[in-house]
>>> print(open('coords14.txt').read())   # compact mmCIF, C-alpha atoms
# COMPACT_ATOMS: atom_id res chain seq x y z
CA MET A 1 -67.46 -63.26 26.92
CA ILE A 2 -68.40 -66.96 26.95
CA VAL A 3 -72.01 -67.61 27.94
CA ASP A 4 -73.28 -71.08 28.83
CA ALA A 5 -76.99 -70.44 28.48
CA HIS A 6 -78.27 -73.83 29.67
CA VAL A 7 -77.08 -75.31 32.98
CA HIS A 8 -78.77 -77.55 35.57
CA VAL A 9 -77.22 -77.56 39.05
CA ALA A 10 -79.77 -79.72 40.82
CA HIS A 11 -80.00 -80.53 44.51
CA LEU A 12 -79.40 -84.28 44.41
CA ALA A 13 -81.91 -85.01 47.16
CA ARG A 14 -84.70 -83.59 45.00
CA LEU A 15 -83.91 -85.49 41.81
CA LYS A 16 -86.42 -88.17 40.83
CA VAL A 17 -83.99 -89.98 38.53
CA PRO A 18 -80.71 -91.70 39.48
CA TRP A 19 -77.54 -89.64 39.29
CA GLU A 20 -76.15 -91.82 36.50
CA THR A 21 -79.26 -91.16 34.41
CA TRP A 22 -79.21 -87.45 35.18
CA ILE A 23 -75.58 -86.85 34.21
CA GLY A 24 -75.64 -89.15 31.17
CA PRO A 25 -72.77 -90.93 29.44
CA ALA A 26 -70.95 -87.75 28.32
CA GLY A 27 -71.01 -85.94 31.66
CA ASP A 28 -67.98 -85.34 33.88
CA ALA A 29 -69.18 -87.54 36.75
CA ALA A 30 -66.04 -87.18 38.86
CA GLY A 31 -65.82 -83.43 38.37
CA TRP A 32 -69.45 -82.87 39.27
CA ALA A 33 -69.38 -85.20 42.27
CA ALA A 34 -66.86 -82.84 43.86
CA LEU A 35 -69.33 -79.94 43.62
CA TYR A 36 -71.75 -81.37 46.19
CA ASP A 37 -71.79 -81.71 49.95
CA ASP A 38 -72.81 -84.85 51.85
CA ASP A 39 -76.48 -83.81 51.79
CA GLY A 40 -76.54 -83.47 48.00
CA ALA A 41 -76.55 -79.67 47.99
CA PRO A 42 -74.28 -77.87 45.51
CA ILE A 43 -71.32 -76.07 47.12
CA PRO A 44 -71.41 -72.51 45.73
CA ALA A 45 -67.65 -71.92 45.81
CA ALA A 46 -66.99 -75.24 44.09
CA VAL A 47 -69.60 -74.59 41.39
CA SER A 48 -68.14 -71.14 40.75
CA ARG A 49 -64.61 -72.50 40.53
CA TYR A 50 -65.70 -75.28 38.15
CA PHE A 51 -67.27 -72.92 35.63
CA ALA A 52 -64.38 -70.46 35.90
CA GLU A 53 -61.89 -73.23 35.16
CA GLU A 54 -64.05 -74.39 32.25
CA GLY A 55 -63.81 -70.91 30.71
CA VAL A 56 -67.44 -69.82 31.26
CA ASP A 57 -67.93 -66.14 32.07
CA ARG A 58 -71.74 -66.29 32.47
CA ALA A 59 -73.89 -69.33 33.21
CA LEU A 60 -77.69 -69.47 33.25
CA LEU A 61 -78.91 -71.79 36.01
CA PHE A 62 -82.22 -73.48 35.27
CA CYS A 63 -84.78 -74.39 37.87
CA GLU A 64 -87.49 -76.90 37.00
CA TYR A 65 -90.64 -78.14 38.69
CA SER A 66 -91.32 -81.48 36.98
CA PRO A 67 -92.62 -84.04 39.49
CA LYS A 68 -93.78 -86.35 36.67
CA ALA A 69 -90.28 -86.66 35.22
CA THR A 70 -87.09 -85.37 36.85
CA GLY A 71 -88.30 -84.03 40.19
CA TRP A 72 -87.63 -80.61 41.68
CA GLN A 73 -84.88 -78.15 40.84
CA THR A 74 -86.19 -75.25 42.89
CA VAL A 75 -85.32 -71.64 42.25
CA GLU A 76 -84.31 -71.36 45.90
CA ASP A 77 -81.56 -73.95 45.31
CA THR A 78 -79.88 -71.60 42.81
CA LEU A 79 -79.81 -68.58 45.11
CA PRO A 80 -76.71 -69.48 47.20
CA ILE A 81 -74.71 -69.98 43.99
CA VAL A 82 -75.78 -66.60 42.61
CA GLU A 83 -75.14 -64.89 45.94
CA HIS A 84 -71.63 -66.35 46.05
CA ASP A 85 -70.73 -65.26 42.50
CA PRO A 86 -73.25 -62.72 41.20
CA ALA A 87 -70.99 -61.71 38.32
CA ARG A 88 -70.96 -65.21 36.80
CA PHE A 89 -74.42 -66.67 37.44
CA ARG A 90 -77.96 -65.82 36.42
CA ILE A 91 -81.24 -67.65 37.06
CA VAL A 92 -83.86 -68.97 34.65
CA ALA A 93 -87.33 -69.28 36.17
CA ASN A 94 -89.74 -72.16 35.53
CA VAL A 95 -93.49 -72.52 35.87
CA ASN A 96 -95.63 -75.63 35.53
CA PRO A 97 -99.43 -75.16 35.56
CA HIS A 98 -99.81 -78.55 37.23
CA VAL A 99 -97.82 -77.18 40.18
CA HIS A 100 -98.28 -73.42 40.10
CA HIS A 101 -101.50 -71.44 40.03
CA PRO A 102 -101.78 -68.76 38.93
CA VAL A 103 -98.66 -69.08 36.82
CA ALA A 104 -98.12 -65.34 36.42
CA ARG A 105 -97.99 -64.85 40.19
CA GLU A 106 -95.40 -67.61 40.55
CA LEU A 107 -93.35 -66.16 37.71
CA ASP A 108 -93.39 -62.77 39.42
CA ARG A 109 -92.22 -64.40 42.65
CA GLN A 110 -89.28 -66.07 40.94
CA LEU A 111 -88.35 -62.98 38.95
CA ASP A 112 -88.22 -60.92 42.11
CA LEU A 113 -85.72 -63.25 43.81
CA GLY A 114 -81.99 -62.77 43.68
CA ASP A 115 -81.90 -59.00 43.24
CA GLY A 116 -82.71 -59.09 39.55
CA ALA A 117 -80.60 -62.17 38.75
CA THR A 118 -83.52 -63.98 37.07
CA VAL A 119 -83.22 -63.25 33.36
CA ALA A 120 -85.66 -65.56 31.56
CA LEU A 121 -88.53 -68.03 31.88
CA LYS A 122 -88.24 -71.63 30.77
CA VAL A 123 -91.21 -73.90 30.22
CA HIS A 124 -90.61 -77.63 29.84
CA PRO A 125 -93.69 -78.99 28.10
CA VAL A 126 -92.21 -82.47 27.73
CA HIS A 127 -91.49 -82.91 31.45
CA ALA A 128 -94.44 -80.88 32.71
CA GLY A 129 -96.94 -82.77 30.56
CA ILE A 130 -98.54 -79.73 28.92
CA ALA A 131 -98.27 -78.41 25.36
CA PRO A 132 -96.40 -75.10 25.01
CA ASN A 133 -99.43 -73.54 23.26
CA ASP A 134 -101.81 -74.50 26.07
CA ARG A 135 -103.74 -71.41 27.19
CA GLU A 136 -102.89 -72.16 30.82
CA LEU A 137 -99.38 -70.92 30.06
CA TYR A 138 -100.48 -67.73 28.32
CA PRO A 139 -100.59 -65.55 31.46
CA ALA A 140 -96.91 -66.38 32.01
CA TYR A 141 -96.09 -65.47 28.41
CA ALA A 142 -97.92 -62.18 28.81
CA ARG A 143 -95.89 -61.46 31.92
CA CYS A 144 -92.65 -62.15 30.00
CA VAL A 145 -93.63 -59.48 27.49
CA GLU A 146 -94.60 -57.04 30.25
CA ARG A 147 -91.34 -57.55 32.12
CA GLY A 148 -89.10 -57.71 29.07
CA ILE A 149 -87.67 -61.19 29.48
CA PRO A 150 -87.33 -63.99 26.91
CA LEU A 151 -89.07 -67.37 26.98
CA ILE A 152 -87.04 -70.57 26.65
CA VAL A 153 -89.01 -73.63 25.51
CA HIS A 154 -87.74 -77.21 25.51
CA THR A 155 -87.95 -78.74 22.03
CA GLY A 156 -87.44 -82.32 20.95
CA PRO A 157 -88.02 -85.48 22.98
CA SER A 158 -86.85 -86.50 26.43
CA PHE A 159 -86.13 -90.05 27.44
CA PHE A 160 -86.61 -89.55 31.16
CA PRO A 161 -89.48 -91.66 32.52
CA GLY A 162 -92.71 -89.68 32.67
CA ALA A 163 -91.89 -87.39 29.74
CA THR A 164 -94.45 -86.59 27.03
CA SER A 165 -92.29 -86.10 23.96
CA ARG A 166 -95.05 -85.00 21.59
CA HIS A 167 -95.17 -81.69 23.46
CA GLY A 168 -91.62 -81.00 22.25
CA ASP A 169 -92.66 -80.30 18.65
CA PRO A 170 -91.42 -76.78 17.73
CA VAL A 171 -94.40 -76.34 15.41
CA LEU A 172 -96.56 -75.88 18.52
CA ILE A 173 -94.64 -72.67 19.22
CA ASP A 174 -96.10 -71.12 16.07
CA ASP A 175 -99.36 -70.46 17.94
CA VAL A 176 -97.46 -68.72 20.74
CA LEU A 177 -95.56 -66.55 18.26
CA ARG A 178 -98.83 -65.55 16.58
CA ASP A 179 -100.51 -64.64 19.86
CA PHE A 180 -97.44 -62.94 21.40
CA PRO A 181 -95.63 -61.19 18.53
CA ASP A 182 -93.44 -59.20 20.93
CA LEU A 183 -92.21 -62.27 22.84
CA THR A 184 -88.61 -63.37 22.35
CA VAL A 185 -88.44 -67.18 22.21
CA VAL A 186 -85.43 -69.48 22.52
CA LEU A 187 -85.92 -73.05 21.28
CA ALA A 188 -83.90 -75.11 23.75
CA HIS A 189 -81.94 -78.02 22.23
CA GLY A 190 -82.58 -76.59 18.76
CA GLY A 191 -85.29 -79.10 17.87
CA ARG A 192 -83.22 -82.06 19.06
CA GLY A 193 -84.20 -85.46 17.78
CA TRP A 194 -86.67 -85.30 14.92
CA SER A 195 -87.41 -81.61 14.52
CA TYR A 196 -84.18 -79.78 13.66
CA ASP A 197 -85.66 -78.48 10.40
CA ALA A 198 -88.80 -77.12 12.07
CA ALA A 199 -86.82 -75.35 14.79
CA ALA A 200 -84.32 -73.93 12.30
CA SER A 201 -87.10 -72.72 10.01
CA LEU A 202 -88.72 -70.80 12.85
CA ALA A 203 -85.42 -69.23 13.92
CA LEU A 204 -84.44 -68.22 10.40
CA THR A 205 -87.81 -66.72 9.50
CA ARG A 206 -88.76 -65.02 12.78
CA PRO A 207 -86.56 -62.22 14.13
CA ASN A 208 -87.63 -62.99 17.70
CA VAL A 209 -86.77 -66.74 17.64
CA TRP A 210 -83.38 -68.24 18.53
CA LEU A 211 -81.84 -71.72 18.85
CA ASP A 212 -80.22 -72.97 22.05
CA LEU A 213 -77.62 -75.64 21.19
CA ALA A 214 -77.63 -77.35 24.59
CA GLY A 215 -77.28 -81.11 24.48
CA LEU A 216 -76.12 -81.14 20.84
CA PRO A 217 -72.56 -82.37 20.12
CA PRO A 218 -71.01 -79.44 18.23
CA LYS A 219 -69.31 -81.64 15.66
CA ARG A 220 -72.75 -82.93 14.63
CA LEU A 221 -74.25 -79.49 14.01
CA PRO A 222 -73.36 -79.38 10.30
CA THR A 223 -75.26 -82.65 9.85
CA TYR A 224 -78.25 -81.69 11.98
CA TYR A 225 -78.73 -78.44 10.09
CA ALA A 226 -77.48 -79.53 6.67
CA SER A 227 -80.60 -78.16 4.96
CA PHE A 228 -79.78 -74.61 6.06
CA GLY A 229 -76.02 -74.27 6.30
CA LEU A 230 -74.05 -73.80 9.49
CA ASP A 231 -73.21 -70.15 8.81
CA ARG A 232 -76.91 -69.25 8.67
CA ILE A 233 -77.69 -71.25 11.80
CA ALA A 234 -74.82 -69.60 13.67
CA THR A 235 -76.45 -66.20 13.29
CA ARG A 236 -79.39 -67.48 15.39
CA ALA A 237 -77.59 -69.92 17.71
CA ILE A 238 -76.84 -69.62 21.42
CA PHE A 239 -74.22 -71.79 23.10
CA GLY A 240 -75.34 -74.00 25.97
CA THR A 241 -74.09 -77.27 27.37
CA ASP A 242 -77.00 -78.80 29.30
CA SER A 243 -74.42 -79.36 32.04
CA PRO A 244 -73.83 -81.63 33.85
CA SER A 245 -74.48 -83.83 30.81
CA ALA A 246 -71.67 -82.13 28.84
CA THR A 247 -68.37 -80.44 29.66
CA PRO A 248 -68.20 -76.71 28.87
CA ALA A 249 -64.51 -76.45 27.94
CA ARG A 250 -64.76 -79.42 25.59
CA ASN A 251 -67.82 -78.02 23.84
CA ILE A 252 -66.35 -74.51 23.62
CA ALA A 253 -63.30 -75.98 21.87
CA ALA A 254 -65.55 -77.99 19.56
CA ILE A 255 -67.48 -74.86 18.56
CA ARG A 256 -64.18 -73.16 17.75
CA ASP A 257 -63.23 -76.13 15.56
CA LEU A 258 -66.32 -75.88 13.34
CA GLY A 259 -64.62 -73.61 10.84
CA LEU A 260 -66.94 -70.65 11.36
CA SER A 261 -65.56 -67.14 11.01
CA GLU A 262 -64.27 -65.49 14.16
CA GLU A 263 -67.28 -63.18 14.14
CA LEU A 264 -69.79 -66.04 13.95
CA THR A 265 -67.90 -68.11 16.53
CA ASP A 266 -67.98 -65.22 18.98
CA ALA A 267 -71.69 -64.72 18.26
CA VAL A 268 -72.50 -68.34 19.07
CA LEU A 269 -70.35 -68.43 22.20
CA GLY A 270 -71.70 -65.23 23.71
CA GLY A 271 -72.69 -62.43 21.38
CA ASN A 272 -76.10 -63.80 20.48
CA ALA A 273 -76.88 -64.52 24.12
CA ARG A 274 -76.11 -60.91 25.02
CA GLN A 275 -78.71 -59.83 22.47
CA VAL A 276 -81.39 -62.20 23.77
CA PHE A 277 -80.90 -61.84 27.52
CA PRO A 278 -80.86 -58.11 28.30
CA ARG A 279 -80.01 -58.65 31.97
CA LEU A 280 -76.97 -60.80 31.26
>>> encode(input="coords14.txt", output="structure tokens")
Amino acid sequence: MIVDAHVHVAHLARLKVPWETWIGPAGDAAGWAALYDDDGAPIPAAVSRYFAEEGVDRALLFCEYSPKATGWQTVEDTLPIVEHDPARFRIVANVNPHVHHPVARELDRQLDLGDGATVALKVHPVHAGIAPNDRELYPAYARCVERGIPLIVHTGPSFFPGATSRHGDPVLIDDVLRDFPDLTVVLAHGGRGWSYDAAASLALTRPNVWLDLAGLPPKRLPTYYASFGLDRIATRAIFGTDSPSATPARNIAAIRDLGLSEELTDAVLGGNARQVFPRL
């Protein structure tokens, strides 16, 4: 089973940034343009067909409430896609204390949508403008533990206007891990930018911490994690594309070309995700 654990299917009318900025230089602009209707809404059948053709068996659709940076990717916008193809798609909730209060109530609301399709919470400190160890987020973390779902946290910088990149330091997650020892945490983008070593150190020393490889060119992984060795990183790594900014089939092939054993390749492409996301 191939799991793409990091996908953004935004409603174009709610994006704050231009489409060209959103999709980035490596995205399949033509392929993704065909997935939307004239109002900028994703077409569920087209989205399902796209990921099937790209070889993705499960895709985690992220919502995000970041008015300072990228705009609104509401959880409601993901529901038609999940309803069309419930076998392939799952939802990742998002809370932002600047938008939602109390955060635990909003998380409950999102988790209860889609007949159990919501499998994780993501917080985006860099876009939301709040550190991941801010106590305003703690009620949401407590709810994750209570409801048995993992937390995904953006790490590394973002170059979208309005982002606060200092909040992407993985070291800030150490406080959260101390205060919530039973919380499973996925470090999105694996410490992208200037903090690969910090993210890798957390994942390799904490049994409840994992690395999401979204947005990282697979061929560069041996360089990014040279201090630790790719085989060790693979035991804690979860495949994700950050689509639409990358093409799933191309990145799947690139993971297979890294020279990892078949067992480790399968773990990265799906096995590790099945451990982390119990409702997959």
>>> residues_around(input="coords14.txt", residues="Phe160 of chain A", least_positions_apart="5", cutoff="10 Å", atoms="all atoms listed in the file", output="list in words")
Lys16, Val17, Thr21, Trp22, Lys68, Ala69, Thr70, Val126, His127 and Ser165 of chain A
>>> axis_aligned_box(input="coords14.txt", around="segment 207-220 of chain A", padding_each_side="4 Å", output="lines of an AutoDock Vina configuration file")
center_x = -78.5
center_y = -72.6
center_z = 19.4
size_x = 26.3
size_y = 28.7
size_z = 18.5
>>> closest_residue(input="coords14.txt", among="A:Glu106, A:His8, A:Ala128, A:Trp32", to="Pro67 of chain A", atoms="all atoms listed in the file")
A:Ala128
>>> closest_residue(input="coords14.txt", among="A:Tyr225, A:Phe89, A:Trp72, A:Tyr138", to="Pro102 of chain A", atoms="only C-alpha atoms")
A:Tyr138
>>> residues_around(input="coords14.txt", residues="segment 54-62 of chain A", least_positions_apart="5", cutoff="10 Å", atoms="all atoms listed in the file", output="NGL selection string")
:A and (1-10 or 48-49 or 73-75 or 77-79 or 81-82 or 86-94 or 117-122 or 240-243 or 247-252 or 269-270 or 273 or 280)
>>> closest_residue(input="coords14.txt", among="A:Cys63, A:Leu187, A:Ala34, A:Ala46", to="Leu151 of chain A", atoms="all atoms listed in the file")
A:Leu187
>>> closest_residue(input="coords14.txt", among="A:Pro181, A:Pro139, A:Gly190, A:Pro217", to="Leu204 of chain A", atoms="all atoms listed in the file")
A:Gly190
>>> decode(input="coords14.txt", residues="segment 176-204 of chain A", atoms="N, CA and C atoms", output="PDB file, in the first residue's frame")
ATOM      1  N   VAL A 176       6.686  19.881  24.126  1.00  0.00           N
ATOM      2  CA  VAL A 176       5.429  19.155  23.918  1.00  0.00           C
ATOM      3  C   VAL A 176       5.616  17.677  24.246  1.00  0.00           C
ATOM      4  N   LEU A 177       6.726  17.101  23.823  1.00  0.00           N
ATOM      5  CA  LEU A 177       6.993  15.695  24.093  1.00  0.00           C
ATOM      6  C   LEU A 177       7.155  15.431  25.586  1.00  0.00           C
ATOM      7  N   ARG A 178       7.741  16.393  26.296  1.00  0.00           N
ATOM      8  CA  ARG A 178       7.879  16.251  27.756  1.00  0.00           C
ATOM      9  C   ARG A 178       6.519  16.288  28.434  1.00  0.00           C
ATOM     10  N   ASP A 179       5.666  17.210  27.990  1.00  0.00           N
ATOM     11  CA  ASP A 179       4.388  17.405  28.668  1.00  0.00           C
ATOM     12  C   ASP A 179       3.313  16.425  28.215  1.00  0.00           C
ATOM     13  N   PHE A 180       3.515  15.803  27.041  1.00  0.00           N
ATOM     14  CA  PHE A 180       2.555  14.815  26.523  1.00  0.00           C
ATOM     15  C   PHE A 180       3.321  13.562  26.085  1.00  0.00           C
ATOM     16  N   PRO A 181       3.798  12.785  27.034  1.00  0.00           N
ATOM     17  CA  PRO A 181       4.644  11.630  26.682  1.00  0.00           C
ATOM     18  C   PRO A 181       3.918  10.552  25.888  1.00  0.00           C
ATOM     19  N   ASP A 182       2.592  10.556  25.895  1.00  0.00           N
ATOM     20  CA  ASP A 182       1.834   9.545  25.160  1.00  0.00           C
ATOM     21  C   ASP A 182       1.370  10.033  23.790  1.00  0.00           C
ATOM     22  N   LEU A 183       1.793  11.220  23.396  1.00  0.00           N
ATOM     23  CA  LEU A 183       1.383  11.802  22.120  1.00  0.00           C
ATOM     24  C   LEU A 183       2.328  11.355  21.010  1.00  0.00           C
ATOM     25  N   THR A 184       1.764  10.831  19.927  1.00  0.00           N
ATOM     26  CA  THR A 184       2.557  10.522  18.738  1.00  0.00           C
ATOM     27  C   THR A 184       2.691  11.783  17.897  1.00  0.00           C
ATOM     28  N   VAL A 185       3.920  12.119  17.506  1.00  0.00           N
ATOM     29  CA  VAL A 185       4.192  13.365  16.788  1.00  0.00           C
ATOM     30  C   VAL A 185       4.904  13.064  15.472  1.00  0.00           C
ATOM     31  N   VAL A 186       4.413  13.666  14.403  1.00  0.00           N
ATOM     32  CA  VAL A 186       5.041  13.575  13.086  1.00  0.00           C
ATOM     33  C   VAL A 186       5.598  14.953  12.745  1.00  0.00           C
ATOM     34  N   LEU A 187       6.896  15.022  12.457  1.00  0.00           N
ATOM     35  CA  LEU A 187       7.546  16.282  12.106  1.00  0.00           C
ATOM     36  C   LEU A 187       7.454  16.467  10.599  1.00  0.00           C
ATOM     37  N   ALA A 188       6.482  17.274  10.163  1.00  0.00           N
ATOM     38  CA  ALA A 188       6.251  17.473   8.740  1.00  0.00           C
ATOM     39  C   ALA A 188       7.451  18.156   8.102  1.00  0.00           C
ATOM     40  N   HIS A 189       7.805  17.706   6.917  1.00  0.00           N
ATOM     41  CA  HIS A 189       8.940  18.219   6.133  1.00  0.00           C
ATOM     42  C   HIS A 189      10.287  17.856   6.759  1.00  0.00           C
ATOM     43  N   GLY A 190      10.280  17.035   7.790  1.00  0.00           N
ATOM     44  CA  GLY A 190      11.508  16.472   8.321  1.00  0.00           C
ATOM     45  C   GLY A 190      12.560  17.470   8.745  1.00  0.00           C
ATOM     46  N   GLY A 191      12.141  18.661   9.193  1.00  0.00           N
ATOM     47  CA  GLY A 191      13.095  19.678   9.598  1.00  0.00           C
ATOM     48  C   GLY A 191      13.636  20.493   8.434  1.00  0.00           C
ATOM     49  N   ARG A 192      12.902  20.527   7.357  1.00  0.00           N
ATOM     50  CA  ARG A 192      13.326  21.179   6.112  1.00  0.00           C
ATOM     51  C   ARG A 192      14.026  22.521   6.336  1.00  0.00           C
ATOM     52  N   GLY A 193      15.074  22.726   5.580  1.00  0.00           N
ATOM     53  CA  GLY A 193      15.755  24.016   5.626  1.00  0.00           C
ATOM     54  C   GLY A 193      17.020  23.953   6.454  1.00  0.00           C
ATOM     55  N   TRP A 194      16.913  24.359   7.716  1.00  0.00           N
ATOM     56  CA  TRP A 194      18.116  24.447   8.554  1.00  0.00           C
ATOM     57  C   TRP A 194      18.072  23.521   9.765  1.00  0.00           C
ATOM     58  N   SER A 195      17.115  22.629   9.828  1.00  0.00           N
ATOM     59  CA  SER A 195      16.972  21.859  11.070  1.00  0.00           C
ATOM     60  C   SER A 195      16.788  20.368  10.832  1.00  0.00           C
ATOM     61  N   TYR A 196      17.389  19.833   9.770  1.00  0.00           N
ATOM     62  CA  TYR A 196      17.304  18.390   9.531  1.00  0.00           C
ATOM     63  C   TYR A 196      17.874  17.595  10.698  1.00  0.00           C
ATOM     64  N   ASP A 197      19.025  18.031  11.221  1.00  0.00           N
ATOM     65  CA  ASP A 197      19.660  17.268  12.297  1.00  0.00           C
ATOM     66  C   ASP A 197      18.799  17.244  13.553  1.00  0.00           C
ATOM     67  N   ALA A 198      18.186  18.382  13.891  1.00  0.00           N
ATOM     68  CA  ALA A 198      17.349  18.427  15.089  1.00  0.00           C
ATOM     69  C   ALA A 198      16.143  17.513  14.934  1.00  0.00           C
ATOM     70  N   ALA A 199      15.491  17.568  13.771  1.00  0.00           N
ATOM     71  CA  ALA A 199      14.324  16.715  13.550  1.00  0.00           C
ATOM     72  C   ALA A 199      14.707  15.246  13.574  1.00  0.00           C
ATOM     73  N   ALA A 200      15.807  14.903  12.897  1.00  0.00           N
ATOM     74  CA  ALA A 200      16.243  13.507  12.868  1.00  0.00           C
ATOM     75  C   ALA A 200      16.615  13.017  14.264  1.00  0.00           C
ATOM     76  N   SER A 201      17.262  13.861  15.040  1.00  0.00           N
ATOM     77  CA  SER A 201      17.648  13.454  16.395  1.00  0.00           C
ATOM     78  C   SER A 201      16.428  13.125  17.238  1.00  0.00           C
ATOM     79  N   LEU A 202      15.387  13.945  17.124  1.00  0.00           N
ATOM     80  CA  LEU A 202      14.164  13.667  17.873  1.00  0.00           C
ATOM     81  C   LEU A 202      13.541  12.348  17.427  1.00  0.00           C
ATOM     82  N   ALA A 203      13.484  12.132  16.114  1.00  0.00           N
ATOM     83  CA  ALA A 203      12.831  10.917  15.607  1.00  0.00           C
ATOM     84  C   ALA A 203      13.606   9.657  15.974  1.00  0.00           C
ATOM     85  N   LEU A 204      14.920   9.753  16.018  1.00  0.00           N
ATOM     86  CA  LEU A 204      15.734   8.574  16.277  1.00  0.00           C
ATOM     87  C   LEU A 204      15.910   8.275  17.761  1.00  0.00           C
TER      88      LEU A 204
END
